[in-house]
Amino acid sequence: MSSKIYFNTRRVSPSKLLLGLGTRLHHALAPAHAKRTASKLLLTPQRPTREVAAPTGLVQQAIHTGEGTLMSYRLGQGPVWLLMHGWSGSASQFYPLMNHIAAQGFTALAYDHPAHGQSEGSTGHLPRFVRAFDEILARVGPVQGVITHSMGGAVTLSSRHPALDALPLLLISPVLDYVPQLYGMVARSGYSIRLFDAVVKEIEHEYKHPLSTVDPLGRLARRQGAALIVHDEEDRFAPHKDSLRAAEDGRTRLVSTRGLGHGRILASPPVFAAFDQLTQPRGTA
């Protein structure tokens, strides 16, 4: 959805009542047009405009998928770790971590979601991201592990790729209680929930991916591979309490930080150390 809604943590806004009234009226009088308008507003991410210096040796390559041509970024040599960013993010957020991964003797392979970064598309949503991720996972060959940020955690844990359950997984600032949080953000914005639900139903029908099946917390608990979460206690966009819930099973490890927020954590020593832990042979961590 629009970054103005996704990253809006205010519960009260002067325009909230007007937005709710307007969208409900629009949906009642012109439902088809209202759904098209809502799709454009709610499903359009913000592409980063700030230029980020690329690491030396970074190789960019377009990957053609059923969800459009997606731009990938490869750095290093050795076993591949696949990195996935979150909503309104881009692969460039991972450049410091990719440098660290390459220095440890691995290949870091990141890509931009549909409608993000340098990839094609104008709108995005979880089922589209899942389908693109599954295609990329199948095309890039054997993958050693997966690293995600924010909504990327929900995408990975909604994947249907058979190999994913056994792979090591590093979740950074993950969105784990995805569906309630999604609807909660729309409700706080004042936007018509009934109209949003109509948009969701169309996506579910097109992608055969009902939101009722999206359960990142449950999927994480059922995984066979190692999982490690790094999450800041003061994260304003992805609740830290959900990561605490995930760690209650005793299998998922949690590293809690303070003062790093939702984005700065990506280039932090705790994340680098978490990657090192996941790549150590079992019994030596």
# chains A, B, ... in the order shown; residues from 1 in each chain; ligands from 1
call {"tool": "residues_around", "arguments": {"residues": "His231 of chain A", "least_positions_apart": "3", "cutoff": "12 Å", "atoms": "only C-alpha atoms", "output": "PyMOL selection string"}}
result
chain A and resi 148-150+153+170-176+228+234-244+246-247+253-266+268+270-271+274
call {"tool": "select_by_dssp", "arguments": {"residues": "segment 22-266 of chain A", "states": "strand (DSSP E or B)", "output": "ChimeraX atom specification"}}
result
/A:59-65,68-76,80-84,107-111,145-149,169-172,227-232,253-257
call {"tool": "closest_atom_pairs", "arguments": {"of": "segment 122-220 of chain A", "to": "segment 87-105 of chain A", "cutoff": "9 Å", "atoms": "only C-alpha atoms", "output": "tab-separated table"}}
result
residue	atom	partner	partner_atom	distance
A:Gly124	CA	A:Trp87	CA	8.7
A:His125	CA	A:Trp87	CA	8.9
A:Ser150	CA	A:Trp87	CA	7.4
A:Met151	CA	A:Trp87	CA	6.0
A:Gly152	CA	A:Trp87	CA	7.7
call {"tool": "atom_distance", "arguments": {"atom1": "atom CA of Leu83 of chain A", "atom2": "atom CA of Gly218 of chain A"}}
result
21.7 Å
call {"tool": "closest_residue", "arguments": {"among": "A:Asp112, A:Asp215, A:Glu206, A:Asp249", "to": "Ala227 of chain A", "atoms": "only C-alpha atoms"}}
result
A:Asp249
call {"tool": "closest_residue", "arguments": {"among": "A:Leu137, A:Gln118, A:Gly68, A:Phe272", "to": "Thr49 of chain A", "atoms": "only C-alpha atoms"}}
result
A:Gln118
call {"tool": "select_by_dssp", "arguments": {"residues": "segment 26-192 of chain A", "states": "helix (DSSP H, G or I)", "output": "PyMOL selection string"}}
result
chain A and resi 26-29+31-42+91-103+126-139+151-156+164-166+178-189
call {"tool": "atom_distance", "arguments": {"atom1": "atom CA of Arg74 of chain A", "atom2": "atom CA of Val59 of chain A"}}
result
5.1 Å
call {"tool": "closest_residue", "arguments": {"among": "A:Gly66, A:Arg188, A:Tyr183, A:Glu233", "to": "Leu211 of chain A", "atoms": "only C-alpha atoms"}}
result
A:Tyr183
call {"tool": "closest_residue", "arguments": {"among": "A:Leu42, A:Ala62, A:Leu19, A:Val143", "to": "His113 of chain A", "atoms": "only C-alpha atoms"}}
result
A:Ala62
call {"tool": "residues_around", "arguments": {"residues": "Ala34 of chain A", "least_positions_apart": "4", "cutoff": "10 Å", "atoms": "only C-alpha atoms", "output": "list of chain:residue names"}}
result
A:Thr23, A:Arg24, A:Leu25, A:His26, A:His27, A:Ala28, A:Leu29, A:Ala30, A:Ala38, A:Ser39, A:Lys40, A:Leu195, A:Phe196, A:Ala198, A:Val199
call {"tool": "write_last_selection", "arguments": {"atoms": "N, CA, C and O atoms", "output": "PDB file, in the first residue's frame"}}
result
ATOM      1  N   THR A  23     -14.267   7.554   0.904  1.00  0.00           N
ATOM      2  CA  THR A  23     -14.037   6.254   0.277  1.00  0.00           C
ATOM      3  C   THR A  23     -15.260   5.349   0.383  1.00  0.00           C
ATOM      4  O   THR A  23     -15.542   4.579  -0.537  1.00  0.00           O
ATOM      5  N   ARG A  24     -15.996   5.462   1.475  1.00  0.00           N
ATOM      6  CA  ARG A  24     -17.227   4.666   1.587  1.00  0.00           C
ATOM      7  C   ARG A  24     -18.272   5.120   0.575  1.00  0.00           C
ATOM      8  O   ARG A  24     -18.954   4.296  -0.055  1.00  0.00           O
ATOM      9  N   LEU A  25     -18.388   6.429   0.407  1.00  0.00           N
ATOM     10  CA  LEU A  25     -19.344   6.974  -0.565  1.00  0.00           C
ATOM     11  C   LEU A  25     -18.939   6.607  -1.990  1.00  0.00           C
ATOM     12  O   LEU A  25     -19.786   6.223  -2.812  1.00  0.00           O
ATOM     13  N   HIS A  26     -17.647   6.712  -2.282  1.00  0.00           N
ATOM     14  CA  HIS A  26     -17.134   6.353  -3.611  1.00  0.00           C
ATOM     15  C   HIS A  26     -17.435   4.887  -3.927  1.00  0.00           C
ATOM     16  O   HIS A  26     -17.895   4.552  -5.026  1.00  0.00           O
ATOM     17  N   HIS A  27     -17.215   4.017  -2.955  1.00  0.00           N
ATOM     18  CA  HIS A  27     -17.460   2.593  -3.151  1.00  0.00           C
ATOM     19  C   HIS A  27     -18.942   2.304  -3.368  1.00  0.00           C
ATOM     20  O   HIS A  27     -19.320   1.438  -4.174  1.00  0.00           O
ATOM     21  N   ALA A  28     -19.814   3.046  -2.676  1.00  0.00           N
ATOM     22  CA  ALA A  28     -21.253   2.825  -2.814  1.00  0.00           C
ATOM     23  C   ALA A  28     -21.777   3.317  -4.160  1.00  0.00           C
ATOM     24  O   ALA A  28     -22.645   2.667  -4.769  1.00  0.00           O
ATOM     25  N   LEU A  29     -21.253   4.438  -4.654  1.00  0.00           N
ATOM     26  CA  LEU A  29     -21.784   5.041  -5.882  1.00  0.00           C
ATOM     27  C   LEU A  29     -21.128   4.491  -7.145  1.00  0.00           C
ATOM     28  O   LEU A  29     -21.788   4.383  -8.187  1.00  0.00           O
ATOM     29  N   ALA A  30     -19.843   4.160  -7.081  1.00  0.00           N
ATOM     30  CA  ALA A  30     -19.120   3.689  -8.278  1.00  0.00           C
ATOM     31  C   ALA A  30     -18.128   2.615  -7.858  1.00  0.00           C
ATOM     32  O   ALA A  30     -16.920   2.855  -7.812  1.00  0.00           O
ATOM     33  N   ALA A  38      -8.606   2.607  -5.435  1.00  0.00           N
ATOM     34  CA  ALA A  38      -8.034   2.061  -4.207  1.00  0.00           C
ATOM     35  C   ALA A  38      -6.796   1.225  -4.499  1.00  0.00           C
ATOM     36  O   ALA A  38      -5.800   1.281  -3.762  1.00  0.00           O
ATOM     37  N   SER A  39      -6.842   0.431  -5.565  1.00  0.00           N
ATOM     38  CA  SER A  39      -5.688  -0.395  -5.932  1.00  0.00           C
ATOM     39  C   SER A  39      -4.472   0.473  -6.213  1.00  0.00           C
ATOM     40  O   SER A  39      -3.351   0.169  -5.776  1.00  0.00           O
ATOM     41  N   LYS A  40      -4.692   1.570  -6.935  1.00  0.00           N
ATOM     42  CA  LYS A  40      -3.574   2.459  -7.270  1.00  0.00           C
ATOM     43  C   LYS A  40      -3.010   3.111  -6.015  1.00  0.00           C
ATOM     44  O   LYS A  40      -1.785   3.216  -5.850  1.00  0.00           O
ATOM     45  N   LEU A 195     -13.997  -1.313   1.272  1.00  0.00           N
ATOM     46  CA  LEU A 195     -13.397  -1.109  -0.047  1.00  0.00           C
ATOM     47  C   LEU A 195     -12.054  -1.828  -0.138  1.00  0.00           C
ATOM     48  O   LEU A 195     -11.755  -2.479  -1.144  1.00  0.00           O
ATOM     49  N   PHE A 196     -11.241  -1.719   0.903  1.00  0.00           N
ATOM     50  CA  PHE A 196      -9.963  -2.423   0.906  1.00  0.00           C
ATOM     51  C   PHE A 196     -10.165  -3.926   0.788  1.00  0.00           C
ATOM     52  O   PHE A 196      -9.450  -4.614   0.055  1.00  0.00           O
ATOM     53  N   ALA A 198     -12.564  -5.438  -0.698  1.00  0.00           N
ATOM     54  CA  ALA A 198     -12.938  -5.749  -2.080  1.00  0.00           C
ATOM     55  C   ALA A 198     -11.703  -5.855  -2.969  1.00  0.00           C
ATOM     56  O   ALA A 198     -11.630  -6.717  -3.860  1.00  0.00           O
ATOM     57  N   VAL A 199     -10.736  -4.977  -2.745  1.00  0.00           N
ATOM     58  CA  VAL A 199      -9.481  -5.037  -3.500  1.00  0.00           C
ATOM     59  C   VAL A 199      -8.740  -6.328  -3.178  1.00  0.00           C
ATOM     60  O   VAL A 199      -8.228  -7.018  -4.072  1.00  0.00           O
TER      61      VAL A 199
END
call {"tool": "closest_residue", "arguments": {"among": "A:Asp232, A:His33, A:Ser122, A:Gly145", "to": "Val80 of chain A", "atoms": "only C-alpha atoms"}}
result
A:Gly145
